[in-house]
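For reference, the structure is listed below as structure tokens.
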Amino acid sequence: MIIYITGDEVSISNAEQMNNIGVGTSLSFSSAGTNAVSAAIELQRAVVICGEQHYLTTMRDWITLSIPIRNSENHIAAYLAFSSFHNIPGPIIYPCLESISARLEYQLKKAEAQGKVWFVEEILEERLRHLPLTPREKEVAMYWILDYDYKQISKVVGISENTVRVYVTRINNKLRVNSKASLILRVLGAI
């Protein structure tokens, strides 16, 4: 389904009037015939369609490209599609779209990774909640477990590096551990 369209007003208006294509339009084979998006969905790869390959006769003068955007699990999350009425050769436009799709994939994977870090922080906060530590010790312990060094923790928490060292020593003593690895195991309930 089309979720966003950009271009000049005349092209967008012509697409809507001549081909009934607009935001919300389905590009499946059953509703739009052979088109770059439906072919890319079916083949699970980038597709270029031009000329007589188009199902709609009004699209015969167009070139259309569709490139899948994959998430961190390598599943297709979206498709980047480009259509132009002007006869732009595929070998010229394809590398540009490939570059844009690579950037979109990077941004998607980055956003997913940030979501996972947030999820890990939520789990750690829940595990730390039940331990006999002060709120500040729990905060320092969380960043220590997330592999922040003393300097990074001091900046995030707003205390000196030396104070961070003192807190890490207190945390280790209270939880009866002697290393970061054993602290992680203790917080996760493995020891």
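Chain labels follow the order of the structure tokens: the first chain is A, the next B, and so on; residue numbering restarts at 1 in every chain, and ligands are counted from 1 in their shown order.
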- request: Extract, using only C-alpha atoms, all DNA, RNA and protein residues at most 8 Å from Ile49 in chain A, discarding same-chain residues fewer than 6 positions from it, and format them as a PyMOL selection string.
  value: chain A and resi 35-36+63-65
message: I'd like the neighbourhood of Val156 in chain A as JSON, numbers by chain, where a residue qualifies if any of its atoms comes within 10 Å (using only C-alpha atoms), though same-chain residues fewer than 6 positions away should be ignored.
response: {"A": [139, 140, 143, 148]}
Given the selection you just returned, output its residues as a file containing C-alpha atoms, formatted as a PDB file, in the first residue's frame.
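Wrote part_31.pdb, looks like this:
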```
ATOM      1  CA  GLU A 139      21.797   3.691  38.595  1.00  0.00           C
ATOM      2  CA  VAL A 140      25.593   3.268  38.656  1.00  0.00           C
ATOM      3  CA  TYR A 143      25.511   1.747  33.525  1.00  0.00           C
ATOM      4  CA  TYR A 148      30.058   2.216  30.472  1.00  0.00           C
TER       5      TYR A 148
END
```
From A:Ile67, A:Leu133, A:Leu124, A:Ala81, residue lying nearest Leu146 in chain A [only C-alpha atoms]: A:Leu124
message: I need the residue nearest Arg186 in chain A from this list: A:Ile5, A:Ala102, A:Val168, A:Ile145. Use only C-alpha atoms for the distance.
response: A:Ile145
message: For a test of reading the model, state the distance in Å between CA of Glu122 in chain A and CA of Met142 in chain A, rounded to one decimal.
response: 10.0 Å
task: Write out as a list in words the residues lying within 9 Å of Ser84 in chain A, counting only C-alpha atoms and excluding same-chain residues fewer than 3 positions away.
output: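 Returned residues: Ser11, Asp61, Trp62, Ile63, Thr64, Asn87 and Ile88 of chain A.
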Hey, what's within 12 Å of Ser99 in chain A if we count only C-alpha atoms and toss same-chain stuff fewer than 6 positions away? As a short mmCIF file (atom, residue, chain, number, x, y, z; two decimals) with all heavy atoms, in the first residue's frame, please?
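What landed in selection.cif:
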```
data_model
loop_
_atom_site.label_atom_id
_atom_site.label_comp_id
_atom_site.auth_asym_id
_atom_site.auth_seq_id
_atom_site.Cartn_x
_atom_site.Cartn_y
_atom_site.Cartn_z
N ILE A 67 12.82 -1.15 -4.67
CA ILE A 67 13.92 -1.79 -3.95
C ILE A 67 13.44 -2.11 -2.53
O ILE A 67 12.92 -1.24 -1.84
CB ILE A 67 15.16 -0.86 -3.89
CG1 ILE A 67 15.62 -0.55 -5.31
CG2 ILE A 67 16.27 -1.49 -3.07
CD1 ILE A 67 16.74 0.46 -5.39
N ILE A 69 13.52 -2.70 1.45
CA ILE A 69 14.26 -2.18 2.61
C ILE A 69 14.16 -3.27 3.68
O ILE A 69 13.07 -3.63 4.09
CB ILE A 69 13.63 -0.86 3.13
CG1 ILE A 69 13.44 0.16 2.01
CG2 ILE A 69 14.43 -0.32 4.32
CD1 ILE A 69 14.71 0.65 1.39
N LEU A 80 11.16 0.87 -1.37
CA LEU A 80 11.39 2.20 -1.92
C LEU A 80 11.05 2.10 -3.40
O LEU A 80 11.62 1.26 -4.12
CB LEU A 80 12.85 2.62 -1.73
CG LEU A 80 13.29 3.91 -2.41
CD1 LEU A 80 12.53 5.10 -1.81
CD2 LEU A 80 14.78 4.11 -2.28
N ILE A 93 19.72 5.62 -12.79
CA ILE A 93 18.94 5.90 -11.58
C ILE A 93 19.07 4.80 -10.53
O ILE A 93 18.99 5.07 -9.33
CB ILE A 93 17.45 6.17 -11.92
CG1 ILE A 93 16.73 6.83 -10.76
CG2 ILE A 93 16.74 4.92 -12.34
CD1 ILE A 93 17.21 8.20 -10.42
N GLU A 105 17.88 1.50 5.18
CA GLU A 105 18.09 0.26 5.93
C GLU A 105 18.96 0.53 7.15
O GLU A 105 18.69 0.02 8.24
CB GLU A 105 18.76 -0.81 5.06
CG GLU A 105 17.81 -1.52 4.16
CD GLU A 105 18.45 -2.67 3.40
OE1 GLU A 105 19.67 -2.94 3.56
OE2 GLU A 105 17.72 -3.31 2.63
N TYR A 106 20.01 1.31 6.97
CA TYR A 106 20.89 1.65 8.09
C TYR A 106 20.11 2.36 9.19
O TYR A 106 20.23 2.01 10.36
CB TYR A 106 22.05 2.53 7.60
CG TYR A 106 22.87 3.12 8.73
CD1 TYR A 106 23.79 2.33 9.41
CD2 TYR A 106 22.69 4.43 9.12
CE1 TYR A 106 24.52 2.86 10.46
CE2 TYR A 106 23.42 4.97 10.16
CZ TYR A 106 24.34 4.18 10.84
OH TYR A 106 25.05 4.71 11.87
#
```
field: Of the listed residues A:Leu128, A:Leu97, A:Ile2, A:Leu188, that which approaches Ala46 in chain A most closely, counting only C-alpha atoms
entry: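 For Ala46 in chain A, the nearest of the given residues is A:Leu97.
Of note, CA of Asp149 in chain A and CA of Asn162 in chain A are spaced 11.8 Å apart.
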message: Report, in Å to a single decimal, how far apart CA of Glu137 in chain A and CA of Gly189 in chain A are.
response: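 Atom-to-atom, CA of Gly189 in chain A and CA of Glu137 in chain A are spaced 17.8 Å apart.
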query: Just asking: which residues within range 97-152 of chain A are helix (DSSP H, G or I) according to DSSP, as a PyMOL selection string?
result: chain A and resi 97-129+135-145+150-152
Could those selected residues go to a file with C-alpha atoms, as a PDB file, in the first residue's frame?
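Listed below is the output, part_5.pdb:
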```
ATOM      1  CA  LEU A  97      18.093   4.495  -5.394  1.00  0.00           C
ATOM      2  CA  GLU A  98      20.289   1.676  -4.122  1.00  0.00           C
ATOM      3  CA  SER A  99      22.265   4.253  -2.141  1.00  0.00           C
ATOM      4  CA  ILE A 100      19.063   5.769  -0.713  1.00  0.00           C
ATOM      5  CA  SER A 101      17.702   2.324   0.210  1.00  0.00           C
ATOM      6  CA  ALA A 102      21.002   1.408   1.920  1.00  0.00           C
ATOM      7  CA  ARG A 103      20.749   4.590   4.003  1.00  0.00           C
ATOM      8  CA  LEU A 104      17.128   3.799   4.894  1.00  0.00           C
ATOM      9  CA  GLU A 105      18.095   0.257   5.933  1.00  0.00           C
ATOM     10  CA  TYR A 106      20.893   1.650   8.087  1.00  0.00           C
ATOM     11  CA  GLN A 107      18.500   4.084   9.795  1.00  0.00           C
ATOM     12  CA  LEU A 108      15.924   1.325  10.349  1.00  0.00           C
ATOM     13  CA  LYS A 109      18.499  -1.039  11.836  1.00  0.00           C
ATOM     14  CA  LYS A 110      19.890   1.752  14.012  1.00  0.00           C
ATOM     15  CA  ALA A 111      16.394   2.554  15.327  1.00  0.00           C
ATOM     16  CA  GLU A 112      15.777  -1.140  16.033  1.00  0.00           C
ATOM     17  CA  ALA A 113      19.085  -1.406  17.898  1.00  0.00           C
ATOM     18  CA  GLN A 114      18.219   1.627  20.016  1.00  0.00           C
ATOM     19  CA  GLY A 115      14.911  -0.016  20.836  1.00  0.00           C
ATOM     20  CA  LYS A 116      16.739  -3.151  21.969  1.00  0.00           C
ATOM     21  CA  VAL A 117      19.064  -1.125  24.213  1.00  0.00           C
ATOM     22  CA  TRP A 118      15.998   0.474  25.765  1.00  0.00           C
ATOM     23  CA  PHE A 119      14.540  -3.004  26.315  1.00  0.00           C
ATOM     24  CA  VAL A 120      17.767  -4.195  27.998  1.00  0.00           C
ATOM     25  CA  GLU A 121      17.706  -1.136  30.259  1.00  0.00           C
ATOM     26  CA  GLU A 122      14.108  -1.947  31.256  1.00  0.00           C
ATOM     27  CA  ILE A 123      15.086  -5.515  32.161  1.00  0.00           C
ATOM     28  CA  LEU A 124      18.084  -4.314  34.176  1.00  0.00           C
ATOM     29  CA  GLU A 125      16.004  -1.756  36.063  1.00  0.00           C
ATOM     30  CA  GLU A 126      13.508  -4.484  36.967  1.00  0.00           C
ATOM     31  CA  ARG A 127      16.268  -6.864  38.148  1.00  0.00           C
ATOM     32  CA  LEU A 128      18.078  -4.139  40.098  1.00  0.00           C
ATOM     33  CA  ARG A 129      14.853  -3.029  41.790  1.00  0.00           C
ATOM     34  CA  PRO A 135      18.736   4.351  44.028  1.00  0.00           C
ATOM     35  CA  ARG A 136      22.116   5.900  43.092  1.00  0.00           C
ATOM     36  CA  GLU A 137      23.877   2.534  43.417  1.00  0.00           C
ATOM     37  CA  LYS A 138      21.253   0.946  41.178  1.00  0.00           C
ATOM     38  CA  GLU A 139      21.797   3.691  38.595  1.00  0.00           C
ATOM     39  CA  VAL A 140      25.593   3.268  38.656  1.00  0.00           C
ATOM     40  CA  ALA A 141      25.228  -0.536  38.566  1.00  0.00           C
ATOM     41  CA  MET A 142      23.005  -0.353  35.483  1.00  0.00           C
ATOM     42  CA  TYR A 143      25.511   1.747  33.525  1.00  0.00           C
ATOM     43  CA  TRP A 144      28.397  -0.404  34.781  1.00  0.00           C
ATOM     44  CA  ILE A 145      26.621  -3.539  33.543  1.00  0.00           C
ATOM     45  CA  TYR A 150      34.021   5.299  34.974  1.00  0.00           C
ATOM     46  CA  LYS A 151      34.313   8.462  32.882  1.00  0.00           C
ATOM     47  CA  GLN A 152      31.119   7.768  30.911  1.00  0.00           C
TER      48      GLN A 152
END
```
